[in-house]
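Colleague: JSON, C-alpha atoms, saved as start-v3.json, coming up:
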[["chain", "number", "residue", "atom", "x", "y", "z"],
["A", 258, "MET", "CA", 0.00, 0.00, 0.00],
["A", 259, "GLY", "CA", 2.78, 2.40, 1.01],
["A", 260, "SER", "CA", 4.84, 1.50, -2.07],
["A", 261, "GLY", "CA", 1.80, 2.15, -4.27],
["A", 262, "LEU", "CA", 1.31, 5.63, -2.81],
["A", 263, "SER", "CA", 4.99, 6.47, -3.17],
["A", 264, "SER", "CA", 5.01, 5.34, -6.79],
["A", 265, "LEU", "CA", 1.90, 7.44, -7.42],
["A", 266, "ARG", "CA", 3.55, 10.53, -5.94],
["A", 267, "SER", "CA", 6.73, 10.03, -7.93],
["A", 268, "ASP", "CA", 4.95, 9.33, -11.22],
["A", 269, "PRO", "CA", 6.21, 11.91, -13.79],
["A", 270, "ARG", "CA", 2.83, 11.88, -15.50],
["A", 271, "ASN", "CA", 1.25, 13.41, -12.40],
["A", 272, "ASP", "CA", 3.81, 16.25, -12.43],
["A", 273, "VAL", "CA", 3.13, 16.92, -16.09],
["A", 274, "HIS", "CA", -0.61, 16.92, -15.45],
["A", 275, "MET", "CA", -0.21, 19.41, -12.59],
["A", 276, "GLU", "CA", 1.98, 21.72, -14.70],
["A", 277, "THR", "CA", -0.53, 21.59, -17.55],
["A", 278, "SER", "CA", -3.38, 22.41, -15.16],
["A", 279, "VAL", "CA", -1.47, 25.39, -13.74],
["A", 280, "ARG", "CA", -0.70, 26.70, -17.24],
["A", 281, "THR", "CA", -4.33, 26.31, -18.29],
["A", 282, "THR", "CA", -5.53, 28.21, -15.23],
["A", 283, "THR", "CA", -2.97, 30.98, -15.79],
["A", 284, "LEU", "CA", -3.91, 31.35, -19.45],
["A", 285, "ALA", "CA", -7.61, 31.44, -18.59],
["A", 286, "ARG", "CA", -7.08, 34.22, -16.04],
["A", 287, "SER", "CA", -4.89, 36.16, -18.43],
["A", 288, "ARG", "CA", -7.53, 35.84, -21.16],
["A", 289, "GLU", "CA", -10.21, 37.00, -18.73],
["A", 290, "ARG", "CA", -8.18, 40.10, -17.80],
["A", 291, "GLN", "CA", -7.67, 40.91, -21.47],
["A", 292, "LEU", "CA", -11.39, 40.55, -22.18],
["A", 293, "ARG", "CA", -12.25, 42.87, -19.30],
["A", 294, "VAL", "CA", -10.17, 45.55, -21.02],
["A", 295, "ILE", "CA", -10.91, 44.82, -24.66],
["A", 296, "LEU", "CA", -14.69, 44.34, -24.49],
["A", 297, "PRO", "CA", -15.53, 47.76, -22.96],
["A", 298, "ILE", "CA", -13.24, 49.47, -25.49],
["A", 299, "ALA", "CA", -14.86, 47.56, -28.36],
["A", 300, "ALA", "CA", -18.34, 48.43, -27.09],
["A", 301, "LEU", "CA", -17.36, 52.11, -26.85],
["A", 302, "ALA", "CA", -15.94, 52.08, -30.38],
["A", 303, "LEU", "CA", -19.08, 50.46, -31.79],
["A", 304, "GLY", "CA", -21.25, 52.97, -29.96],
["A", 305, "LEU", "CA", -19.28, 55.92, -31.33],
["A", 306, "ILE", "CA", -19.43, 54.53, -34.87],
["A", 307, "ALA", "CA", -23.20, 54.01, -34.60],
["A", 308, "TRP", "CA", -23.58, 57.54, -33.20],
["A", 309, "GLU", "CA", -21.54, 59.07, -36.03],
["A", 310, "LEU", "CA", -23.38, 57.14, -38.74],
["A", 311, "GLY", "CA", -26.78, 57.89, -37.24],
["A", 312, "VAL", "CA", -26.12, 61.64, -37.12],
["A", 313, "ARG", "CA", -24.85, 61.70, -40.71],
["A", 314, "LEU", "CA", -27.49, 59.45, -42.25],
["A", 315, "MET", "CA", -30.40, 61.13, -40.46],
["A", 316, "GLN", "CA", -28.86, 64.60, -40.98],
["A", 317, "ILE", "CA", -29.45, 65.62, -37.38],
["A", 318, "PRO", "CA", -28.47, 69.29, -36.82],
["A", 319, "PRO", "CA", -25.59, 69.95, -34.37],
["A", 320, "TYR", "CA", -27.81, 71.99, -32.04],
["A", 321, "VAL", "CA", -29.88, 68.82, -31.46],
["A", 322, "LEU", "CA", -27.22, 66.09, -31.43],
["A", 323, "PRO", "CA", -23.62, 66.75, -32.54],
["A", 324, "SER", "CA", -21.53, 63.96, -33.98],
["A", 325, "PRO", "CA", -18.60, 62.52, -31.99],
["A", 326, "GLY", "CA", -16.17, 64.07, -34.46],
["A", 327, "LEU", "CA", -17.66, 67.52, -33.90],
["A", 328, "VAL", "CA", -17.54, 67.02, -30.13],
["A", 329, "PHE", "CA", -13.83, 66.15, -30.21],
["A", 330, "ALA", "CA", -13.15, 69.05, -32.57],
["A", 331, "THR", "CA", -14.97, 71.41, -30.20],
["A", 332, "LEU", "CA", -13.01, 70.00, -27.27],
["A", 333, "ILE", "CA", -9.78, 70.95, -29.04],
["A", 334, "THR", "CA", -11.03, 74.33, -30.25],
["A", 335, "ASP", "CA", -12.46, 75.43, -26.86],
["A", 336, "TRP", "CA", -9.79, 73.74, -24.78],
["A", 337, "SER", "CA", -8.55, 76.92, -23.09],
["A", 338, "ILE", "CA", -12.05, 77.86, -21.89],
["A", 339, "LEU", "CA", -12.96, 74.33, -20.80],
["A", 340, "TRP", "CA", -9.62, 73.71, -19.10],
["A", 341, "SER", "CA", -9.78, 76.87, -16.99],
["A", 342, "SER", "CA", -13.34, 75.98, -15.95],
["A", 343, "LEU", "CA", -12.29, 72.41, -15.18],
["A", 344, "LEU", "CA", -9.56, 73.68, -12.85],
["A", 345, "VAL", "CA", -12.18, 75.64, -10.90],
["A", 346, "THR", "CA", -14.35, 72.54, -10.57],
["A", 347, "LEU", "CA", -11.38, 70.39, -9.56],
["A", 348, "ALA", "CA", -10.33, 72.88, -6.89],
["A", 349, "THR", "CA", -13.82, 72.76, -5.39],
["A", 350, "THR", "CA", -13.96, 68.95, -5.67],
["A", 351, "PHE", "CA", -10.66, 68.29, -3.92],
["A", 352, "ALA", "CA", -11.30, 70.91, -1.24],
["A", 353, "ALA", "CA", -14.68, 69.34, -0.50],
["A", 354, "LEU", "CA", -13.18, 65.84, -0.51],
["A", 355, "THR", "CA", -10.43, 66.90, 1.91],
["A", 356, "LEU", "CA", -12.95, 68.47, 4.29],
["A", 357, "ALA", "CA", -15.26, 65.46, 4.00],
["A", 358, "VAL", "CA", -12.48, 62.96, 4.76],
["A", 359, "ASN", "CA", -11.12, 64.92, 7.72],
["A", 360, "GLY", "CA", -14.55, 65.73, 9.13],
["A", 361, "GLY", "CA", -15.97, 62.26, 8.55],
["A", 362, "LEU", "CA", -13.03, 60.46, 10.14],
["A", 363, "TRP", "CA", -12.94, 62.80, 13.14],
["A", 364, "LEU", "CA", -16.67, 62.56, 13.81],
["A", 365, "ALA", "CA", -16.69, 58.77, 13.37],
["A", 366, "VAL", "CA", -13.95, 58.49, 16.01],
["A", 367, "GLN", "CA", -15.99, 60.67, 18.36],
["A", 368, "PHE", "CA", -19.04, 58.48, 17.70],
["A", 369, "ASN", "CA", -17.00, 55.41, 18.60],
["A", 370, "ARG", "CA", -15.84, 57.01, 21.83],
["A", 371, "SER", "CA", -19.32, 58.13, 22.88],
["A", 372, "ARG", "CA", -22.47, 56.21, 22.05],
["A", 373, "LEU", "CA", -24.57, 59.08, 23.39],
["A", 374, "LEU", "CA", -22.97, 61.45, 20.88],
["A", 375, "GLU", "CA", -23.64, 58.97, 18.04],
["A", 376, "TYR", "CA", -27.27, 58.57, 19.07],
["A", 377, "ALA", "CA", -27.67, 62.35, 19.25],
["A", 378, "LEU", "CA", -26.02, 63.40, 15.96],
["A", 379, "TYR", "CA", -26.07, 60.46, 13.54],
["A", 380, "PRO", "CA", -29.77, 60.89, 12.61],
["A", 381, "TYR", "CA", -29.05, 64.47, 11.52],
["A", 382, "ALA", "CA", -26.19, 63.27, 9.34],
["A", 383, "VAL", "CA", -28.66, 60.88, 7.68],
["A", 384, "ILE", "CA", -31.18, 63.72, 7.20],
["A", 385, "LEU", "CA", -28.46, 65.87, 5.63],
["A", 386, "GLN", "CA", -27.58, 63.05, 3.25],
["A", 387, "VAL", "CA", -31.09, 62.18, 2.07],
["A", 388, "THR", "CA", -32.13, 65.80, 1.50],
["A", 389, "PRO", "CA", -31.66, 66.56, -2.23],
["A", 390, "ILE", "CA", -28.70, 68.87, -2.74],
["A", 391, "VAL", "CA", -30.62, 70.63, -5.52],
["A", 392, "ALA", "CA", -33.05, 71.88, -2.87],
["A", 393, "ILE", "CA", -30.28, 73.01, -0.51],
["A", 394, "ALA", "CA", -28.08, 74.81, -3.07],
["A", 395, "PRO", "CA", -30.37, 77.85, -3.66],
["A", 396, "LEU", "CA", -30.60, 78.47, 0.10],
["A", 397, "LEU", "CA", -26.83, 78.28, 0.51],
["A", 398, "LEU", "CA", -26.37, 80.72, -2.37],
["A", 399, "ILE", "CA", -28.53, 83.19, -0.43],
["A", 400, "TRP", "CA", -26.72, 82.72, 2.87],
["A", 401, "LEU", "CA", -23.11, 82.33, 1.64],
["A", 402, "PRO", "CA", -20.81, 83.77, -1.04],
["A", 403, "PRO", "CA", -21.11, 81.76, -4.30],
["A", 404, "GLN", "CA", -17.79, 79.91, -4.04],
["A", 405, "ALA", "CA", -18.36, 79.04, -0.38],
["A", 406, "ALA", "CA", -21.88, 77.82, -1.19],
["A", 407, "VAL", "CA", -20.55, 75.55, -3.95],
["A", 408, "LEU", "CA", -17.92, 74.16, -1.59],
["A", 409, "VAL", "CA", -20.47, 73.47, 1.16],
["A", 410, "CYS", "CA", -22.77, 71.68, -1.30],
["A", 411, "ALA", "CA", -19.97, 69.42, -2.49],
["A", 412, "TRP", "CA", -18.93, 68.76, 1.12],
["A", 413, "ILE", "CA", -22.48, 67.81, 2.16],
["A", 414, "VAL", "CA", -22.69, 65.18, -0.58],
["A", 415, "ALA", "CA", -19.23, 63.70, 0.10],
["A", 416, "PHE", "CA", -19.30, 63.79, 3.90],
["A", 417, "PHE", "CA", -21.78, 61.02, 4.73],
["A", 418, "PRO", "CA", -20.10, 58.05, 2.97],
["A", 419, "VAL", "CA", -16.87, 58.68, 4.87],
["A", 420, "LEU", "CA", -18.73, 59.05, 8.18],
["A", 421, "ALA", "CA", -20.98, 56.03, 7.66],
["A", 422, "ASN", "CA", -18.26, 53.66, 6.41],
["A", 423, "THR", "CA", -15.77, 54.65, 9.10],
["A", 424, "THR", "CA", -18.39, 54.34, 11.84],
["A", 425, "LEU", "CA", -19.32, 50.87, 10.55],
["A", 426, "GLY", "CA", -15.67, 49.84, 10.42],
["A", 427, "LEU", "CA", -14.92, 51.02, 13.95],
["A", 428, "ASN", "CA", -18.01, 49.24, 15.27],
["A", 429, "SER", "CA", -17.18, 45.99, 13.43],
["A", 430, "VAL", "CA", -13.89, 45.23, 15.19],
["A", 431, "ASP", "CA", -13.72, 41.75, 16.72],
["A", 432, "ARG", "CA", -14.84, 41.97, 20.36],
["A", 433, "GLY", "CA", -12.43, 39.20, 21.29],
["A", 434, "LEU", "CA", -9.48, 41.28, 20.13],
["A", 435, "ILE", "CA", -10.76, 44.29, 22.07],
["A", 436, "ASP", "CA", -11.00, 42.16, 25.21],
["A", 437, "LEU", "CA", -7.50, 40.82, 24.57],
["A", 438, "PHE", "CA", -6.09, 44.35, 24.33],
["A", 439, "ARG", "CA", -7.82, 45.32, 27.55],
["A", 440, "LEU", "CA", -6.58, 42.16, 29.24],
["A", 441, "TYR", "CA", -3.02, 43.30, 28.57],
["A", 442, "GLY", "CA", -3.76, 46.73, 30.01],
["A", 443, "ALA", "CA", -4.15, 48.76, 26.80],
["A", 444, "SER", "CA", -5.72, 52.17, 27.21],
["A", 445, "ARG", "CA", -8.70, 53.35, 25.16],
["A", 446, "ALA", "CA", -6.39, 55.43, 22.99],
["A", 447, "GLN", "CA", -4.12, 52.42, 22.35],
["A", 448, "VAL", "CA", -7.12, 50.24, 21.47],
["A", 449, "LEU", "CA", -8.28, 52.94, 19.04],
["A", 450, "TRP", "CA", -4.96, 53.60, 17.31],
["A", 451, "ARG", "CA", -3.49, 50.11, 17.32],
["A", 452, "LEU", "CA", -6.59, 47.98, 16.77],
["A", 453, "LYS", "CA", -9.75, 49.78, 15.72],
["A", 454, "LEU", "CA", -8.38, 52.24, 13.16],
["A", 455, "PRO", "CA", -6.19, 49.65, 11.34],
["A", 456, "ALA", "CA", -9.09, 47.17, 11.32],
["A", 457, "ALA", "CA", -11.48, 49.85, 10.00],
["A", 458, "LEU", "CA", -9.05, 51.03, 7.30],
["A", 459, "PRO", "CA", -10.72, 49.09, 4.41],
["A", 460, "TYR", "CA", -14.08, 50.61, 5.37],
["A", 461, "MET", "CA", -12.56, 54.10, 5.48],
["A", 462, "LEU", "CA", -10.93, 53.72, 2.08],
["A", 463, "GLY", "CA", -14.18, 52.43, 0.61],
["A", 464, "GLY", "CA", -15.94, 55.53, 1.91],
["A", 465, "VAL", "CA", -13.24, 57.78, 0.48],
["A", 466, "ARG", "CA", -13.61, 56.16, -2.95],
["A", 467, "ILE", "CA", -17.33, 56.83, -2.90],
["A", 468, "ALA", "CA", -16.83, 60.36, -1.60],
["A", 469, "GLY", "CA", -14.43, 61.18, -4.45],
["A", 470, "GLY", "CA", -17.10, 60.78, -7.09],
["A", 471, "LEU", "CA", -19.82, 62.33, -4.95],
["A", 472, "SER", "CA", -17.74, 65.44, -4.27],
["A", 473, "LEU", "CA", -17.50, 65.99, -8.03],
["A", 474, "ILE", "CA", -21.26, 65.47, -8.40],
["A", 475, "GLY", "CA", -21.96, 67.91, -5.57],
["A", 476, "ALA", "CA", -19.66, 70.52, -7.09],
["A", 477, "VAL", "CA", -21.38, 70.17, -10.49],
["A", 478, "VAL", "CA", -24.88, 70.51, -9.03],
["A", 479, "ALA", "CA", -23.89, 73.54, -6.98],
["A", 480, "GLU", "CA", -22.14, 75.19, -9.93],
["A", 481, "ILE", "CA", -25.25, 74.79, -12.06],
["A", 482, "ALA", "CA", -27.31, 76.42, -9.31],
["A", 483, "ALA", "CA", -24.71, 79.18, -8.97],
["A", 484, "GLY", "CA", -24.72, 79.67, -12.74],
["A", 485, "SER", "CA", -28.49, 80.08, -12.68],
["A", 486, "ALA", "CA", -27.95, 82.81, -10.10],
["A", 487, "GLY", "CA", -25.42, 84.51, -12.38],
["A", 488, "ALA", "CA", -22.33, 83.62, -10.35],
["A", 489, "GLY", "CA", -20.82, 80.56, -12.04],
["A", 490, "SER", "CA", -17.32, 79.86, -13.30],
["A", 491, "GLY", "CA", -16.79, 76.10, -13.22],
["A", 492, "LEU", "CA", -17.25, 73.45, -15.86],
["A", 493, "ALA", "CA", -20.87, 72.86, -14.90],
["A", 494, "TYR", "CA", -21.53, 76.55, -15.49],
["A", 495, "ARG", "CA", -20.12, 76.14, -19.01],
["A", 496, "ILE", "CA", -22.59, 73.30, -19.57],
["A", 497, "ALA", "CA", -25.52, 75.46, -18.49],
["A", 498, "GLU", "CA", -24.21, 78.41, -20.50],
["A", 499, "SER", "CA", -23.83, 76.24, -23.61],
["A", 500, "GLY", "CA", -27.40, 75.03, -23.20],
["A", 501, "TYR", "CA", -28.73, 78.59, -23.04],
["A", 502, "ARG", "CA", -26.78, 79.50, -26.19],
["A", 503, "LEU", "CA", -27.60, 76.24, -28.01],
["A", 504, "ASN", "CA", -23.88, 75.53, -28.27],
["A", 505, "ILE", "CA", -24.52, 71.82, -27.89],
["A", 506, "PRO", "CA", -21.10, 70.63, -29.15],
["A", 507, "ARG", "CA", -19.41, 72.58, -26.33],
["A", 508, "MET", "CA", -21.94, 71.12, -23.87],
["A", 509, "PHE", "CA", -21.03, 67.58, -24.94],
["A", 510, "ALA", "CA", -17.32, 68.43, -24.78],
["A", 511, "ALA", "CA", -17.73, 69.67, -21.20],
["A", 512, "LEU", "CA", -19.71, 66.56, -20.31],
["A", 513, "LEU", "CA", -16.94, 64.42, -21.76],
["A", 514, "LEU", "CA", -14.37, 66.23, -19.61],
["A", 515, "LEU", "CA", -16.50, 65.76, -16.50],
["A", 516, "SER", "CA", -16.90, 62.03, -17.20],
["A", 517, "ILE", "CA", -13.18, 61.56, -17.73],
["A", 518, "THR", "CA", -12.46, 63.52, -14.55],
["A", 519, "GLY", "CA", -14.81, 61.33, -12.51],
["A", 520, "ILE", "CA", -13.22, 58.16, -13.91],
["A", 521, "VAL", "CA", -9.71, 59.42, -13.15],
["A", 522, "ILE", "CA", -10.66, 60.37, -9.58],
["A", 523, "TYR", "CA", -12.23, 56.97, -8.94],
["A", 524, "PHE", "CA", -9.31, 54.96, -10.32],
["A", 525, "ALA", "CA", -6.74, 57.18, -8.58],
["A", 526, "LEU", "CA", -8.42, 56.62, -5.21],
["A", 527, "SER", "CA", -8.80, 52.89, -5.98],
["A", 528, "PHE", "CA", -5.07, 52.72, -6.75],
["A", 529, "VAL", "CA", -4.19, 54.46, -3.48],
["A", 530, "SER", "CA", -6.47, 52.05, -1.63],
["A", 531, "HIS", "CA", -4.78, 49.09, -3.32],
["A", 532, "LEU", "CA", -1.32, 50.36, -2.39],
["A", 533, "ILE", "CA", -2.33, 50.67, 1.25],
["A", 534, "LEU", "CA", -4.10, 47.31, 1.51],
["A", 535, "ARG", "CA", -2.19, 45.12, -0.94],
["A", 536, "ARG", "CA", 0.16, 43.50, 1.58],
["A", 537, "TRP", "CA", -2.33, 42.42, 4.24],
["A", 538, "HIS", "CA", -6.01, 42.70, 3.36],
["A", 539, "GLU", "CA", -7.92, 39.98, 1.50],
["A", 540, "SER", "CA", -9.66, 42.43, -0.83],
["A", 541, "ALA", "CA", -6.33, 43.55, -2.32],
["A", 542, "LEU", "CA", -4.34, 40.30, -2.27],
["A", 543, "ALA", "CA", -3.80, 38.47, -5.54],
["A", 544, "PRO", "CA", -5.83, 35.24, -5.83],
["A", 545, "GLU", "CA", -3.97, 32.03, -5.15],
["A", 546, "ARG", "CA", -3.13, 29.91, -8.15]]
Can you give me the file's structure in the form of structure tokens?

Modeller:
Amino acid sequence: MGSGLSSLRSDPRNDVHMETSVRTTTLARSRERQLRVILPIAALALGLIAWELGVRLMQIPPYVLPSPGLVFATLITDWSILWSSLLVTLATTFAALTLAVNGGLWLAVQFNRSRLLEYALYPYAVILQVTPIVAIAPLLLIWLPPQAAVLVCAWIVAFFPVLANTTLGLNSVDRGLIDLFRLYGASRAQVLWRLKLPAALPYMLGGVRIAGGLSLIGAVVAEIAAGSAGAGSGLAYRIAESGYRLNIPRMFAALLLLSITGIVIYFALSFVSHLILRRWHESALAPER
């Protein structure tokens, strides 16, 4: 029996079979990664071709639906105007994101330290989140200077995901580990800094990723409201202005810039999250082969 098992283990055919299986699995994963990149690009290319052909064959005027070629041409022609407006929107977005991250993390820590404080204030954070920002923006434009009102609107939208995710992460730490820390005489501050915050880090980073896109959305909504009040300067204001003037190619070019900006912000924050988590957290570790 033992000699049979040893001969089975030392059989070269088994080694060849294992190597072939590993190669097949590696090739399948590599092919899957390639398809995840190629298929969206192919779908986008087909969509643009259909859009271009539809506009030309149906002779749709540019003030109704411009062709992709005209949109890209307008993006190049009006680049100086769109770029300066994009910088204004980006400044508001990153300022709101910074305030949201700092404020959300700080308040979540205070919630974790005091249940009474969480019970008292968390419902108002929920109310602030579920209230449509479109309804709040006109009031803020009355009470605050235009740029401050735009910043507050973007902050309101981005603040809650950071607060909610961080609070959930801090409250989800293993109770056994907390008891172990206390057994060895750790103070509340040591438990917070050495156990709770590291354990809640994936939740925090998830909230920051969400807040990055929402801060851009909040800035755009507030800029449109500010533009309606005659005090706009960001990229969203250019969209509203182009709509009033029926300059639809410039409107599409500005929308394209906003979409690209949102994608870049999301992937940049995802990359930072991966760099922080890649060596120890399951969500960022490479799958075993």

Colleague: Here is a test: counting all atoms listed in the file, which residue of A:Leu473, A:Leu425, A:Val391, A:Met508 is nearest to A:Ile520?

Modeller: A:Leu473

Colleague: For stretch 444-460 of chain A, what centre and edge lengths in Å (one decimal) does the axis-aligned box get once 4 Å is added on each side of all its listed atoms, as JSON?

Modeller:
{"center_x": -8.8, "center_y": 51.3, "center_z": 15.8, "size_x": 18.6, "size_y": 16.3, "size_z": 30.8}

Colleague: For a quick check of understanding, using all atoms listed in the file, which of A:Thr349, A:Ser337, A:Asn369, A:Ser490 has the smallest distance to A:Lys453?

Modeller: A:Asn369

Colleague: Separation of atom CA of A:Ala510 and atom CA of A:Arg495, in Å?

Modeller: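 A separation of 10.0 Å between them.
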
Colleague: I want to know what sits within 12 Å of A:Arg507, based on all atoms listed in the file, with residues of the same chain fewer than 5 positions away left out; could you give that as a short mmCIF file (atom, residue, chain, number, x, y, z; two decimals) with C-alpha atoms, in the coordinates of the input?

Modeller:
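Contents of around.cif, as written:
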data_model
loop_
_atom_site.label_atom_id
_atom_site.label_comp_id
_atom_site.auth_asym_id
_atom_site.auth_seq_id
_atom_site.Cartn_x
_atom_site.Cartn_y
_atom_site.Cartn_z
CA PRO A 319 -25.59 69.95 -34.37
CA TYR A 320 -27.81 71.99 -32.04
CA LEU A 322 -27.22 66.09 -31.43
CA PRO A 323 -23.62 66.75 -32.54
CA SER A 324 -21.53 63.96 -33.98
CA PRO A 325 -18.60 62.52 -31.99
CA LEU A 327 -17.66 67.52 -33.90
CA VAL A 328 -17.54 67.02 -30.13
CA PHE A 329 -13.83 66.15 -30.21
CA ALA A 330 -13.15 69.05 -32.57
CA THR A 331 -14.97 71.41 -30.20
CA LEU A 332 -13.01 70.00 -27.27
CA ILE A 333 -9.78 70.95 -29.04
CA THR A 334 -11.03 74.33 -30.25
CA ASP A 335 -12.46 75.43 -26.86
CA TRP A 336 -9.79 73.74 -24.78
CA ILE A 338 -12.05 77.86 -21.89
CA LEU A 339 -12.96 74.33 -20.80
CA LEU A 492 -17.25 73.45 -15.86
CA ALA A 493 -20.87 72.86 -14.90
CA TYR A 494 -21.53 76.55 -15.49
CA ARG A 495 -20.12 76.14 -19.01
CA ILE A 496 -22.59 73.30 -19.57
CA ALA A 497 -25.52 75.46 -18.49
CA GLU A 498 -24.21 78.41 -20.50
CA SER A 499 -23.83 76.24 -23.61
CA GLY A 500 -27.40 75.03 -23.20
CA TYR A 501 -28.73 78.59 -23.04
CA ARG A 502 -26.78 79.50 -26.19
CA LEU A 512 -19.71 66.56 -20.31
CA LEU A 513 -16.94 64.42 -21.76
CA LEU A 514 -14.37 66.23 -19.61
#

Colleague: State, in Å with one decimal place, the distance from atom CA of A:Leu471 to atom CA of A:Leu396.

Modeller: 20.1 Å

Colleague: How far is it from atom CA of A:Phe351 to atom CA of A:Ala411, in Å with one decimal?

Modeller: 9.5 Å

Colleague: Looking at A:Gly426, A:Pro395, A:Gly469, A:Pro506, which one is nearest to A:Val407, with distances taken over all atoms listed in the file?

Modeller: A:Pro395
